[in-house]
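The file model-v8.cif comes next; it holds mmCIF, N, CA and C atoms.
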data_target
#
loop_
_atom_site.label_atom_id
_atom_site.label_comp_id
_atom_site.auth_asym_id
_atom_site.auth_seq_id
_atom_site.Cartn_x
_atom_site.Cartn_y
_atom_site.Cartn_z
N MET Y 20 124.44 98.55 120.70
CA MET Y 20 124.00 97.23 121.06
C MET Y 20 123.94 96.37 119.81
N GLN Y 21 124.43 95.16 119.91
CA GLN Y 21 124.36 94.27 118.75
C GLN Y 21 122.91 93.87 118.52
N ASP Y 22 122.63 93.40 117.31
CA ASP Y 22 121.27 92.99 117.00
C ASP Y 22 120.89 91.76 117.81
N LEU Y 23 119.86 91.90 118.60
CA LEU Y 23 119.35 90.79 119.39
C LEU Y 23 117.97 90.43 118.87
N ASP Y 24 117.59 89.16 119.01
CA ASP Y 24 116.23 88.84 118.60
C ASP Y 24 115.27 89.25 119.71
N PHE Y 25 114.01 89.24 119.40
CA PHE Y 25 113.00 89.77 120.31
C PHE Y 25 113.04 89.07 121.67
N SER Y 26 113.15 87.77 121.69
CA SER Y 26 113.15 87.05 122.96
C SER Y 26 114.36 87.41 123.82
N GLU Y 27 115.50 87.69 123.18
CA GLU Y 27 116.68 88.11 123.94
C GLU Y 27 116.48 89.51 124.54
N VAL Y 28 115.86 90.40 123.77
CA VAL Y 28 115.59 91.74 124.27
C VAL Y 28 114.62 91.67 125.45
N VAL Y 29 113.60 90.86 125.32
CA VAL Y 29 112.62 90.72 126.41
C VAL Y 29 113.30 90.16 127.66
N ALA Y 30 114.21 89.22 127.49
CA ALA Y 30 114.94 88.68 128.64
C ALA Y 30 115.74 89.79 129.34
N LEU Y 31 116.37 90.66 128.57
CA LEU Y 31 117.11 91.79 129.14
C LEU Y 31 116.17 92.75 129.87
N ILE Y 32 115.05 93.05 129.25
CA ILE Y 32 114.08 93.96 129.87
C ILE Y 32 113.61 93.37 131.19
N ARG Y 33 113.30 92.08 131.18
CA ARG Y 33 112.74 91.44 132.38
C ARG Y 33 113.74 91.34 133.52
N LYS Y 34 115.04 91.44 133.21
CA LYS Y 34 116.05 91.49 134.28
C LYS Y 34 115.93 92.80 135.05
N GLU Y 35 115.52 93.87 134.35
CA GLU Y 35 115.37 95.18 134.98
C GLU Y 35 113.96 95.41 135.51
N ASP Y 36 112.97 94.86 134.83
CA ASP Y 36 111.57 95.08 135.17
C ASP Y 36 110.83 93.75 135.01
N SER Y 37 110.68 93.04 136.10
CA SER Y 37 110.10 91.69 136.05
C SER Y 37 108.59 91.66 136.27
N ARG Y 38 107.96 92.82 136.23
CA ARG Y 38 106.51 92.87 136.50
C ARG Y 38 105.68 92.07 135.51
N PHE Y 39 106.14 91.99 134.26
CA PHE Y 39 105.31 91.39 133.21
C PHE Y 39 105.96 90.13 132.65
N ASP Y 40 105.15 89.12 132.44
CA ASP Y 40 105.60 87.87 131.83
C ASP Y 40 106.07 88.13 130.40
N ARG Y 41 106.97 87.30 129.92
CA ARG Y 41 107.46 87.47 128.54
C ARG Y 41 106.31 87.37 127.54
N LYS Y 42 105.28 86.58 127.87
CA LYS Y 42 104.14 86.44 126.96
C LYS Y 42 103.40 87.76 126.77
N ALA Y 43 103.44 88.64 127.78
CA ALA Y 43 102.81 89.95 127.64
C ALA Y 43 103.53 90.77 126.56
N TYR Y 44 104.85 90.65 126.50
CA TYR Y 44 105.61 91.36 125.47
C TYR Y 44 105.30 90.80 124.08
N ASP Y 45 105.21 89.48 123.98
CA ASP Y 45 104.84 88.87 122.70
C ASP Y 45 103.45 89.34 122.28
N PHE Y 46 102.54 89.36 123.24
CA PHE Y 46 101.18 89.79 122.95
C PHE Y 46 101.15 91.23 122.43
N VAL Y 47 101.88 92.14 123.08
CA VAL Y 47 101.89 93.54 122.64
C VAL Y 47 102.49 93.66 121.26
N ARG Y 48 103.56 92.91 120.98
CA ARG Y 48 104.16 92.96 119.64
C ARG Y 48 103.18 92.49 118.58
N HIS Y 49 102.51 91.37 118.83
CA HIS Y 49 101.53 90.86 117.86
C HIS Y 49 100.30 91.78 117.80
N GLY Y 50 99.93 92.33 118.94
CA GLY Y 50 98.80 93.26 118.97
C GLY Y 50 99.08 94.53 118.19
N LEU Y 51 100.33 95.00 118.23
CA LEU Y 51 100.70 96.16 117.42
C LEU Y 51 100.58 95.83 115.93
N ASP Y 52 101.08 94.68 115.53
CA ASP Y 52 100.96 94.26 114.12
C ASP Y 52 99.50 94.22 113.70
N HIS Y 53 98.66 93.65 114.56
CA HIS Y 53 97.23 93.56 114.29
C HIS Y 53 96.62 94.96 114.15
N THR Y 54 97.00 95.85 115.05
CA THR Y 54 96.46 97.22 115.05
C THR Y 54 96.85 97.96 113.77
N VAL Y 55 98.11 97.85 113.38
CA VAL Y 55 98.57 98.50 112.15
C VAL Y 55 97.78 97.98 110.95
N LYS Y 56 97.62 96.68 110.87
CA LYS Y 56 96.89 96.06 109.77
C LYS Y 56 95.44 96.58 109.72
N GLU Y 57 94.79 96.66 110.87
CA GLU Y 57 93.41 97.14 110.92
C GLU Y 57 93.32 98.63 110.56
N LEU Y 58 94.26 99.43 111.04
CA LEU Y 58 94.25 100.85 110.71
C LEU Y 58 94.46 101.07 109.21
N LYS Y 59 95.32 100.27 108.61
CA LYS Y 59 95.56 100.40 107.16
C LYS Y 59 94.33 99.99 106.35
N LYS Y 60 93.57 99.02 106.86
CA LYS Y 60 92.33 98.61 106.19
C LYS Y 60 91.31 99.74 106.19
N LYS Y 61 91.25 100.47 107.32
CA LYS Y 61 90.24 101.52 107.49
C LYS Y 61 90.62 102.82 106.81
N ASP Y 62 91.92 103.05 106.59
CA ASP Y 62 92.38 104.35 106.09
C ASP Y 62 93.37 104.12 104.95
N ALA Y 63 92.90 104.37 103.73
CA ALA Y 63 93.72 104.15 102.54
C ALA Y 63 95.01 104.96 102.57
N ALA Y 64 94.98 106.15 103.14
CA ALA Y 64 96.18 107.00 103.19
C ALA Y 64 97.27 106.33 104.04
N ARG Y 65 96.87 105.63 105.07
CA ARG Y 65 97.84 104.95 105.93
C ARG Y 65 98.41 103.71 105.25
N ALA Y 66 97.66 103.13 104.35
CA ALA Y 66 98.08 101.89 103.70
C ALA Y 66 99.33 102.06 102.86
N SER Y 67 99.55 103.28 102.37
CA SER Y 67 100.66 103.50 101.44
C SER Y 67 101.95 103.99 102.12
N ARG Y 68 101.94 104.11 103.45
CA ARG Y 68 103.14 104.60 104.13
C ARG Y 68 103.30 103.88 105.47
N ALA Y 69 104.45 104.08 106.06
CA ALA Y 69 104.68 103.53 107.40
C ALA Y 69 103.65 104.14 108.34
N THR Y 70 103.10 103.32 109.18
CA THR Y 70 102.01 103.76 110.04
C THR Y 70 102.49 103.95 111.47
N HIS Y 71 102.30 105.16 111.98
CA HIS Y 71 102.54 105.41 113.39
C HIS Y 71 101.22 105.18 114.13
N VAL Y 72 101.30 104.51 115.25
CA VAL Y 72 100.12 104.21 116.03
C VAL Y 72 100.22 104.99 117.34
N THR Y 73 99.17 105.72 117.67
CA THR Y 73 99.15 106.47 118.92
C THR Y 73 98.83 105.52 120.09
N GLY Y 74 99.07 106.00 121.28
CA GLY Y 74 98.75 105.20 122.46
C GLY Y 74 97.29 104.76 122.50
N PRO Y 75 96.34 105.69 122.36
CA PRO Y 75 94.93 105.29 122.36
C PRO Y 75 94.58 104.33 121.23
N GLU Y 76 95.16 104.51 120.04
CA GLU Y 76 94.90 103.57 118.94
C GLU Y 76 95.42 102.18 119.29
N LEU Y 77 96.61 102.13 119.88
CA LEU Y 77 97.16 100.83 120.26
C LEU Y 77 96.33 100.18 121.35
N LEU Y 78 95.91 100.95 122.34
CA LEU Y 78 95.07 100.38 123.40
C LEU Y 78 93.79 99.80 122.82
N ASP Y 79 93.17 100.50 121.89
CA ASP Y 79 91.95 99.99 121.27
C ASP Y 79 92.26 98.72 120.46
N GLY Y 80 93.37 98.75 119.73
CA GLY Y 80 93.75 97.57 118.95
C GLY Y 80 94.09 96.38 119.84
N LEU Y 81 94.77 96.63 120.95
CA LEU Y 81 95.08 95.54 121.88
C LEU Y 81 93.81 94.97 122.49
N ARG Y 82 92.85 95.83 122.76
CA ARG Y 82 91.57 95.36 123.31
C ARG Y 82 90.88 94.41 122.34
N THR Y 83 90.75 94.82 121.08
CA THR Y 83 90.06 93.95 120.11
C THR Y 83 90.86 92.69 119.82
N TYR Y 84 92.17 92.82 119.74
CA TYR Y 84 93.03 91.65 119.50
C TYR Y 84 92.93 90.66 120.66
N ALA Y 85 92.94 91.16 121.89
CA ALA Y 85 92.85 90.29 123.07
C ALA Y 85 91.52 89.55 123.09
N LEU Y 86 90.44 90.26 122.83
CA LEU Y 86 89.12 89.62 122.82
C LEU Y 86 89.04 88.56 121.74
N ASP Y 87 89.64 88.84 120.59
CA ASP Y 87 89.65 87.88 119.49
C ASP Y 87 90.46 86.64 119.86
N GLN Y 88 91.58 86.83 120.54
CA GLN Y 88 92.47 85.71 120.87
C GLN Y 88 91.99 84.89 122.06
N TYR Y 89 91.46 85.55 123.08
CA TYR Y 89 91.20 84.87 124.35
C TYR Y 89 89.75 84.89 124.81
N GLY Y 90 88.89 85.61 124.11
CA GLY Y 90 87.47 85.62 124.43
C GLY Y 90 87.22 85.92 125.91
N PRO Y 91 86.33 85.14 126.55
CA PRO Y 91 85.97 85.41 127.94
C PRO Y 91 87.12 85.23 128.93
N LEU Y 92 88.20 84.63 128.50
CA LEU Y 92 89.36 84.44 129.39
C LEU Y 92 90.36 85.59 129.31
N THR Y 93 90.08 86.59 128.52
CA THR Y 93 91.05 87.67 128.27
C THR Y 93 91.59 88.29 129.56
N LYS Y 94 90.72 88.73 130.42
CA LYS Y 94 91.18 89.40 131.64
C LYS Y 94 92.03 88.44 132.49
N THR Y 95 91.62 87.20 132.58
CA THR Y 95 92.37 86.20 133.36
C THR Y 95 93.76 86.01 132.78
N VAL Y 96 93.85 85.89 131.46
CA VAL Y 96 95.14 85.69 130.80
C VAL Y 96 96.05 86.90 131.02
N LEU Y 97 95.53 88.09 130.74
CA LEU Y 97 96.34 89.30 130.90
C LEU Y 97 96.80 89.48 132.35
N ASN Y 98 95.90 89.25 133.30
CA ASN Y 98 96.26 89.37 134.72
C ASN Y 98 97.34 88.36 135.09
N ALA Y 99 97.28 87.16 134.54
CA ALA Y 99 98.31 86.14 134.82
C ALA Y 99 99.68 86.59 134.33
N TRP Y 100 99.70 87.43 133.30
CA TRP Y 100 100.95 87.96 132.77
C TRP Y 100 101.39 89.23 133.49
N GLY Y 101 100.61 89.68 134.47
CA GLY Y 101 100.94 90.89 135.21
C GLY Y 101 100.33 92.15 134.64
N VAL Y 102 99.50 92.02 133.62
CA VAL Y 102 98.88 93.17 132.96
C VAL Y 102 97.47 93.33 133.54
N LYS Y 103 97.27 94.43 134.28
CA LYS Y 103 96.01 94.62 134.99
C LYS Y 103 95.28 95.91 134.62
N ARG Y 104 95.94 96.77 133.85
CA ARG Y 104 95.34 98.05 133.46
C ARG Y 104 96.05 98.57 132.20
N CYS Y 105 95.46 99.56 131.58
CA CYS Y 105 96.01 100.13 130.35
C CYS Y 105 97.43 100.66 130.54
N THR Y 106 97.70 101.26 131.69
CA THR Y 106 99.03 101.82 131.92
C THR Y 106 100.10 100.72 131.89
N ASP Y 107 99.72 99.48 132.22
CA ASP Y 107 100.68 98.38 132.12
C ASP Y 107 101.09 98.15 130.66
N PHE Y 108 100.14 98.25 129.74
CA PHE Y 108 100.48 98.17 128.32
C PHE Y 108 101.47 99.28 127.96
N GLY Y 109 101.23 100.48 128.47
CA GLY Y 109 102.15 101.59 128.21
C GLY Y 109 103.54 101.32 128.74
N ASP Y 110 103.63 100.72 129.92
CA ASP Y 110 104.95 100.38 130.48
C ASP Y 110 105.67 99.37 129.60
N ILE Y 111 104.94 98.39 129.09
CA ILE Y 111 105.54 97.40 128.19
C ILE Y 111 106.03 98.08 126.92
N VAL Y 112 105.19 98.92 126.33
CA VAL Y 112 105.56 99.63 125.10
C VAL Y 112 106.81 100.47 125.33
N PHE Y 113 106.86 101.22 126.42
CA PHE Y 113 108.01 102.09 126.66
C PHE Y 113 109.26 101.29 127.04
N ASN Y 114 109.10 100.11 127.63
CA ASN Y 114 110.26 99.24 127.82
C ASN Y 114 110.82 98.81 126.47
N LEU Y 115 109.94 98.49 125.54
CA LEU Y 115 110.38 98.09 124.19
C LEU Y 115 110.97 99.28 123.43
N ILE Y 116 110.47 100.47 123.65
CA ILE Y 116 111.05 101.66 123.03
C ILE Y 116 112.45 101.90 123.56
N GLU Y 117 112.62 101.74 124.86
CA GLU Y 117 113.93 101.94 125.48
C GLU Y 117 114.99 101.03 124.87
N TYR Y 118 114.59 99.83 124.48
CA TYR Y 118 115.51 98.88 123.87
C TYR Y 118 115.46 98.93 122.34
N GLU Y 119 114.83 99.97 121.82
CA GLU Y 119 114.78 100.25 120.38
C GLU Y 119 114.11 99.16 119.55
N VAL Y 120 113.20 98.43 120.18
CA VAL Y 120 112.39 97.46 119.44
C VAL Y 120 111.24 98.21 118.77
N PHE Y 121 110.61 99.11 119.52
CA PHE Y 121 109.59 100.01 118.99
C PHE Y 121 110.21 101.40 118.92
N SER Y 122 109.60 102.24 118.10
CA SER Y 122 110.07 103.63 118.04
C SER Y 122 108.93 104.54 118.47
N LYS Y 123 109.27 105.80 118.71
CA LYS Y 123 108.26 106.76 119.12
C LYS Y 123 108.55 108.09 118.47
N THR Y 124 107.52 108.92 118.45
CA THR Y 124 107.70 110.29 117.98
C THR Y 124 107.91 111.17 119.21
N GLU Y 125 108.25 112.43 118.97
CA GLU Y 125 108.47 113.35 120.09
C GLU Y 125 107.18 113.62 120.86
N ASN Y 126 106.03 113.30 120.26
CA ASN Y 126 104.74 113.54 120.92
C ASN Y 126 104.26 112.36 121.76
N ASP Y 127 104.89 111.20 121.62
CA ASP Y 127 104.46 110.01 122.35
C ASP Y 127 104.91 110.08 123.80
N ARG Y 128 103.98 109.76 124.72
CA ARG Y 128 104.28 109.80 126.15
C ARG Y 128 103.62 108.61 126.84
N ARG Y 129 104.15 108.25 127.98
CA ARG Y 129 103.54 107.18 128.77
C ARG Y 129 102.09 107.52 129.11
N GLU Y 130 101.83 108.80 129.34
CA GLU Y 130 100.49 109.23 129.71
C GLU Y 130 99.45 108.92 128.62
N ASP Y 131 99.92 108.69 127.39
CA ASP Y 131 99.00 108.33 126.31
C ASP Y 131 98.29 107.01 126.60
N PHE Y 132 98.87 106.26 127.52
CA PHE Y 132 98.31 104.95 127.88
C PHE Y 132 97.55 105.01 129.20
N SER Y 133 97.18 106.24 129.61
CA SER Y 133 96.40 106.34 130.84
C SER Y 133 95.11 105.54 130.61
N ASP Y 134 94.53 105.14 131.66
CA ASP Y 134 93.45 104.15 131.59
C ASP Y 134 92.29 104.58 130.70
N LEU Y 135 92.39 104.22 129.44
CA LEU Y 135 91.36 104.51 128.45
C LEU Y 135 90.10 103.71 128.74
N TYR Y 136 90.28 102.53 129.29
CA TYR Y 136 89.16 101.67 129.67
C TYR Y 136 89.57 100.84 130.88
N SER Y 137 88.58 100.38 131.61
CA SER Y 137 88.87 99.46 132.71
C SER Y 137 88.85 98.05 132.13
N PHE Y 138 89.62 97.18 132.70
CA PHE Y 138 89.67 95.81 132.20
C PHE Y 138 88.33 95.10 132.39
N ASP Y 139 87.60 95.43 133.45
CA ASP Y 139 86.27 94.83 133.62
C ASP Y 139 85.34 95.26 132.50
N GLU Y 140 85.33 96.57 132.18
CA GLU Y 140 84.48 97.06 131.10
C GLU Y 140 84.87 96.45 129.76
N ALA Y 141 86.16 96.36 129.50
CA ALA Y 141 86.64 95.92 128.19
C ALA Y 141 86.60 94.41 128.01
N PHE Y 142 86.91 93.66 129.06
CA PHE Y 142 87.14 92.23 128.89
C PHE Y 142 86.15 91.31 129.62
N VAL Y 143 85.37 91.86 130.54
CA VAL Y 143 84.39 91.04 131.26
C VAL Y 143 82.98 91.37 130.78
N LYS Y 144 82.65 92.65 130.75
CA LYS Y 144 81.29 93.09 130.40
C LYS Y 144 80.78 92.53 129.06
N PRO Y 145 81.62 92.43 128.01
CA PRO Y 145 81.09 91.91 126.75
C PRO Y 145 80.55 90.48 126.84
N PHE Y 146 80.91 89.77 127.88
CA PHE Y 146 80.49 88.38 128.00
C PHE Y 146 79.41 88.16 129.05
N LEU Y 147 78.97 89.25 129.68
CA LEU Y 147 77.88 89.15 130.65
C LEU Y 147 76.55 89.11 129.90
N PRO Y 148 75.56 88.45 130.48
CA PRO Y 148 74.25 88.45 129.83
C PRO Y 148 73.74 89.88 129.66
N ALA Y 149 73.03 90.12 128.58
CA ALA Y 149 72.54 91.46 128.27
C ALA Y 149 71.58 91.96 129.35
N LYS Y 150 70.71 91.10 129.84
CA LYS Y 150 69.82 91.47 130.94
C LYS Y 150 69.67 90.26 131.84
N PRO Y 151 69.29 90.51 133.06
CA PRO Y 151 69.16 89.38 133.99
C PRO Y 151 68.16 88.36 133.46
N ARG Y 152 68.49 87.12 133.65
CA ARG Y 152 67.60 86.06 133.20
C ARG Y 152 66.45 85.94 134.20
N SER Y 153 65.29 85.58 133.69
CA SER Y 153 64.16 85.39 134.59
C SER Y 153 64.39 84.12 135.39
N ALA Y 154 63.68 84.00 136.48
CA ALA Y 154 63.85 82.85 137.37
C ALA Y 154 63.37 81.57 136.71
N GLY Y 155 62.63 81.68 135.62
CA GLY Y 155 62.14 80.49 134.93
C GLY Y 155 60.86 80.02 135.57
N PRO Y 156 60.41 78.82 135.19
CA PRO Y 156 59.16 78.30 135.75
C PRO Y 156 59.29 78.09 137.25
N SER Y 157 58.20 78.30 137.93
CA SER Y 157 58.23 78.13 139.38
C SER Y 157 58.40 76.66 139.72
N ALA Y 158 58.90 76.42 140.89
CA ALA Y 158 59.17 75.05 141.32
C ALA Y 158 57.90 74.23 141.41
N SER Y 159 56.75 74.89 141.61
CA SER Y 159 55.50 74.13 141.76
C SER Y 159 54.82 73.86 140.43
N ALA Y 160 55.33 74.42 139.34
CA ALA Y 160 54.72 74.20 138.02
C ALA Y 160 54.96 72.76 137.60
N PRO Y 161 53.99 72.17 136.90
CA PRO Y 161 54.14 70.79 136.46
C PRO Y 161 55.27 70.67 135.44
N ASP Y 162 55.93 69.54 135.43
CA ASP Y 162 57.00 69.25 134.48
C ASP Y 162 56.37 69.17 133.10
N PRO Y 163 56.80 70.03 132.11
CA PRO Y 163 56.16 70.03 130.80
C PRO Y 163 56.37 68.72 130.04
N VAL Y 164 57.40 67.98 130.33
CA VAL Y 164 57.65 66.74 129.62
C VAL Y 164 56.87 65.59 130.26
N GLY Y 165 56.65 65.71 131.53
CA GLY Y 165 55.95 64.65 132.26
C GLY Y 165 56.93 63.77 132.99
N SER Y 166 56.51 63.20 134.06
CA SER Y 166 57.38 62.36 134.87
C SER Y 166 56.93 60.93 134.77
N VAL Y 167 57.83 60.05 135.02
CA VAL Y 167 57.47 58.64 135.01
C VAL Y 167 57.43 58.15 136.42
#
Please, can you express the file's structure as structure tokens?
Amino acid sequence: MQDLDFSEVVALIRKEDSRFDRKAYDFVRHGLDHTVKELKKKDAARASRATHVTGPELLDGLRTYALDQYGPLTKTVLNAWGVKRCTDFGDIVFNLIEYEVFSKTENDRREDFSDLYSFDEAFVKPFLPAKPRSAGPSASAPDPVGSV
């Protein structure tokens, strides 16, 4: 295959597998870069060589990258792109591997992306109040500021 740029490869992939928006592929590519950078920061041994990222490491990196990029809208954004669970990230990764954009080792498998976390736990729960709010002052309590 001749050298194609990333957007051309994604267009080819989407002709065969249209489940995911092209933005999901861009997100995974940038999320992988983010994950590699973070892993190299944490582990000096990785900083000096090419870094292989496992499925669970990538899923964790994609989770933190998504929260950083989209905050409370993360789940909504990912769902709009067709990404609804961790295995969807795995499908995107393996589509990119098939087109030789990403590489894999003999130990890498789609199952590595089995649902490490639920999207509600990862992307909704961090933004929920820590504990239920109290009902506040009762309706019959006097207005503390006073009324005119």
Report as number ranges by chain the residues that result from applying the PyMOL selection byres ((chain Y and resi 129) around 8) to the structure here.
Y: 74, 106, 109-110, 113, 126-128, 130-133
If we draw a sphere of 9 Å around (82.9, 88.3, 129.5), which residues have at least one atom in it when counting only C-alpha atoms? Please report them as a PDB file with N, CA and C atoms, in the coordinates of the input.
ATOM      1  N   GLY Y  90      88.890  85.610 124.110  1.00  0.00           N
ATOM      2  CA  GLY Y  90      87.470  85.620 124.430  1.00  0.00           C
ATOM      3  C   GLY Y  90      87.220  85.920 125.910  1.00  0.00           C
ATOM      4  N   PRO Y  91      86.330  85.140 126.550  1.00  0.00           N
ATOM      5  CA  PRO Y  91      85.970  85.410 127.940  1.00  0.00           C
ATOM      6  C   PRO Y  91      87.120  85.230 128.930  1.00  0.00           C
ATOM      7  N   LEU Y  92      88.200  84.630 128.500  1.00  0.00           N
ATOM      8  CA  LEU Y  92      89.360  84.440 129.390  1.00  0.00           C
ATOM      9  C   LEU Y  92      90.360  85.590 129.310  1.00  0.00           C
ATOM     10  N   THR Y  93      90.080  86.590 128.520  1.00  0.00           N
ATOM     11  CA  THR Y  93      91.050  87.670 128.270  1.00  0.00           C
ATOM     12  C   THR Y  93      91.590  88.290 129.560  1.00  0.00           C
ATOM     13  N   LYS Y  94      90.720  88.730 130.420  1.00  0.00           N
ATOM     14  CA  LYS Y  94      91.180  89.400 131.640  1.00  0.00           C
ATOM     15  C   LYS Y  94      92.030  88.440 132.490  1.00  0.00           C
ATOM     16  N   ASP Y 139      87.600  95.430 133.450  1.00  0.00           N
ATOM     17  CA  ASP Y 139      86.270  94.830 133.620  1.00  0.00           C
ATOM     18  C   ASP Y 139      85.340  95.260 132.500  1.00  0.00           C
ATOM     19  N   ALA Y 141      86.160  96.360 129.500  1.00  0.00           N
ATOM     20  CA  ALA Y 141      86.640  95.920 128.190  1.00  0.00           C
ATOM     21  C   ALA Y 141      86.600  94.410 128.010  1.00  0.00           C
ATOM     22  N   PHE Y 142      86.910  93.660 129.060  1.00  0.00           N
ATOM     23  CA  PHE Y 142      87.140  92.230 128.890  1.00  0.00           C
ATOM     24  C   PHE Y 142      86.150  91.310 129.620  1.00  0.00           C
ATOM     25  N   VAL Y 143      85.370  91.860 130.540  1.00  0.00           N
ATOM     26  CA  VAL Y 143      84.390  91.040 131.260  1.00  0.00           C
ATOM     27  C   VAL Y 143      82.980  91.370 130.780  1.00  0.00           C
ATOM     28  N   LYS Y 144      82.650  92.650 130.750  1.00  0.00           N
ATOM     29  CA  LYS Y 144      81.290  93.090 130.400  1.00  0.00           C
ATOM     30  C   LYS Y 144      80.780  92.530 129.060  1.00  0.00           C
ATOM     31  N   PRO Y 145      81.620  92.430 128.010  1.00  0.00           N
ATOM     32  CA  PRO Y 145      81.090  91.910 126.750  1.00  0.00           C
ATOM     33  C   PRO Y 145      80.550  90.480 126.840  1.00  0.00           C
ATOM     34  N   PHE Y 146      80.910  89.770 127.880  1.00  0.00           N
ATOM     35  CA  PHE Y 146      80.490  88.380 128.000  1.00  0.00           C
ATOM     36  C   PHE Y 146      79.410  88.160 129.050  1.00  0.00           C
ATOM     37  N   LEU Y 147      78.970  89.250 129.680  1.00  0.00           N
ATOM     38  CA  LEU Y 147      77.880  89.150 130.650  1.00  0.00           C
ATOM     39  C   LEU Y 147      76.550  89.110 129.900  1.00  0.00           C
ATOM     40  N   PRO Y 148      75.560  88.450 130.480  1.00  0.00           N
ATOM     41  CA  PRO Y 148      74.250  88.450 129.830  1.00  0.00           C
ATOM     42  C   PRO Y 148      73.740  89.880 129.660  1.00  0.00           C
TER      43      PRO Y 148
END
Pull the alpha helix (DSSP H) assignments for stretch 52-93 of chain Y out of DSSP run on the backbone, and list those residues as JSON, numbers by chain.
{"Y": [52, 53, 54, 55, 56, 57, 58, 59, 60, 61, 63, 64, 65, 66, 74, 75, 76, 77, 78, 79, 80, 81, 82, 83, 84, 85, 86, 87, 88, 89, 93]}
Residues from the last selection, N, CA and C atoms, saved as a tab-separated table (two decimals), keeping the file's coordinate frame:
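Result file selection.tsv:
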chain	number	residue	atom	x	y	z
Y	52	ASP	N	101.08	94.68	115.53
Y	52	ASP	CA	100.96	94.26	114.12
Y	52	ASP	C	99.50	94.22	113.70
Y	53	HIS	N	98.66	93.65	114.56
Y	53	HIS	CA	97.23	93.56	114.29
Y	53	HIS	C	96.62	94.96	114.15
Y	54	THR	N	97.00	95.85	115.05
Y	54	THR	CA	96.46	97.22	115.05
Y	54	THR	C	96.85	97.96	113.77
Y	55	VAL	N	98.11	97.85	113.38
Y	55	VAL	CA	98.57	98.50	112.15
Y	55	VAL	C	97.78	97.98	110.95
Y	56	LYS	N	97.62	96.68	110.87
Y	56	LYS	CA	96.89	96.06	109.77
Y	56	LYS	C	95.44	96.58	109.72
Y	57	GLU	N	94.79	96.66	110.87
Y	57	GLU	CA	93.41	97.14	110.92
Y	57	GLU	C	93.32	98.63	110.56
Y	58	LEU	N	94.26	99.43	111.04
Y	58	LEU	CA	94.25	100.85	110.71
Y	58	LEU	C	94.46	101.07	109.21
Y	59	LYS	N	95.32	100.27	108.61
Y	59	LYS	CA	95.56	100.40	107.16
Y	59	LYS	C	94.33	99.99	106.35
Y	60	LYS	N	93.57	99.02	106.86
Y	60	LYS	CA	92.33	98.61	106.19
Y	60	LYS	C	91.31	99.74	106.19
Y	61	LYS	N	91.25	100.47	107.32
Y	61	LYS	CA	90.24	101.52	107.49
Y	61	LYS	C	90.62	102.82	106.81
Y	63	ALA	N	92.90	104.37	103.73
Y	63	ALA	CA	93.72	104.15	102.54
Y	63	ALA	C	95.01	104.96	102.57
Y	64	ALA	N	94.98	106.15	103.14
Y	64	ALA	CA	96.18	107.00	103.19
Y	64	ALA	C	97.27	106.33	104.04
Y	65	ARG	N	96.87	105.63	105.07
Y	65	ARG	CA	97.84	104.95	105.93
Y	65	ARG	C	98.41	103.71	105.25
Y	66	ALA	N	97.66	103.13	104.35
Y	66	ALA	CA	98.08	101.89	103.70
Y	66	ALA	C	99.33	102.06	102.86
Y	74	GLY	N	99.07	106.00	121.28
Y	74	GLY	CA	98.75	105.20	122.46
Y	74	GLY	C	97.29	104.76	122.50
Y	75	PRO	N	96.34	105.69	122.36
Y	75	PRO	CA	94.93	105.29	122.36
Y	75	PRO	C	94.58	104.33	121.23
Y	76	GLU	N	95.16	104.51	120.04
Y	76	GLU	CA	94.90	103.57	118.94
Y	76	GLU	C	95.42	102.18	119.29
Y	77	LEU	N	96.61	102.13	119.88
Y	77	LEU	CA	97.16	100.83	120.26
Y	77	LEU	C	96.33	100.18	121.35
Y	78	LEU	N	95.91	100.95	122.34
Y	78	LEU	CA	95.07	100.38	123.40
Y	78	LEU	C	93.79	99.80	122.82
Y	79	ASP	N	93.17	100.50	121.89
Y	79	ASP	CA	91.95	99.99	121.27
Y	79	ASP	C	92.26	98.72	120.46
Y	80	GLY	N	93.37	98.75	119.73
Y	80	GLY	CA	93.75	97.57	118.95
Y	80	GLY	C	94.09	96.38	119.84
Y	81	LEU	N	94.77	96.63	120.95
Y	81	LEU	CA	95.08	95.54	121.88
Y	81	LEU	C	93.81	94.97	122.49
Y	82	ARG	N	92.85	95.83	122.76
Y	82	ARG	CA	91.57	95.36	123.31
Y	82	ARG	C	90.88	94.41	122.34
Y	83	THR	N	90.75	94.82	121.08
Y	83	THR	CA	90.06	93.95	120.11
Y	83	THR	C	90.86	92.69	119.82
Y	84	TYR	N	92.17	92.82	119.74
Y	84	TYR	CA	93.03	91.65	119.50
Y	84	TYR	C	92.93	90.66	120.66
Y	85	ALA	N	92.94	91.16	121.89
Y	85	ALA	CA	92.85	90.29	123.07
Y	85	ALA	C	91.52	89.55	123.09
Y	86	LEU	N	90.44	90.26	122.83
Y	86	LEU	CA	89.12	89.62	122.82
Y	86	LEU	C	89.04	88.56	121.74
Y	87	ASP	N	89.64	88.84	120.59
Y	87	ASP	CA	89.65	87.88	119.49
Y	87	ASP	C	90.46	86.64	119.86
Y	88	GLN	N	91.58	86.83	120.54
Y	88	GLN	CA	92.47	85.71	120.87
Y	88	GLN	C	91.99	84.89	122.06
Y	89	TYR	N	91.46	85.55	123.08
Y	89	TYR	CA	91.20	84.87	124.35
Y	89	TYR	C	89.75	84.89	124.81
Y	93	THR	N	90.08	86.59	128.52
Y	93	THR	CA	91.05	87.67	128.27
Y	93	THR	C	91.59	88.29	129.56
Quick one: which residues end up in the PyMOL selection byres (((chain Y and resi 32 and name CA) around 12) and name CA) for this structure, as a PyMOL selection string?
chain Y and resi 25-31+33-41+44+110-120
In Å and to one decimal, atom N of Y:Ala43 is distant from atom CA of Y:Leu97 by 7.8 Å
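Between atom C of Y:Thr73 and atom N of Y:Thr95 the interatomic distance comes to 23.3 Å.
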I need the residue nearest Y:Thr70 from this list: Y:Val55, Y:Cys105, Y:Ala149, Y:Val47. Use only N, CA and C atoms for the distance.
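Among the listed residues, the smallest separation from Y:Thr70 belongs to Y:Val55.
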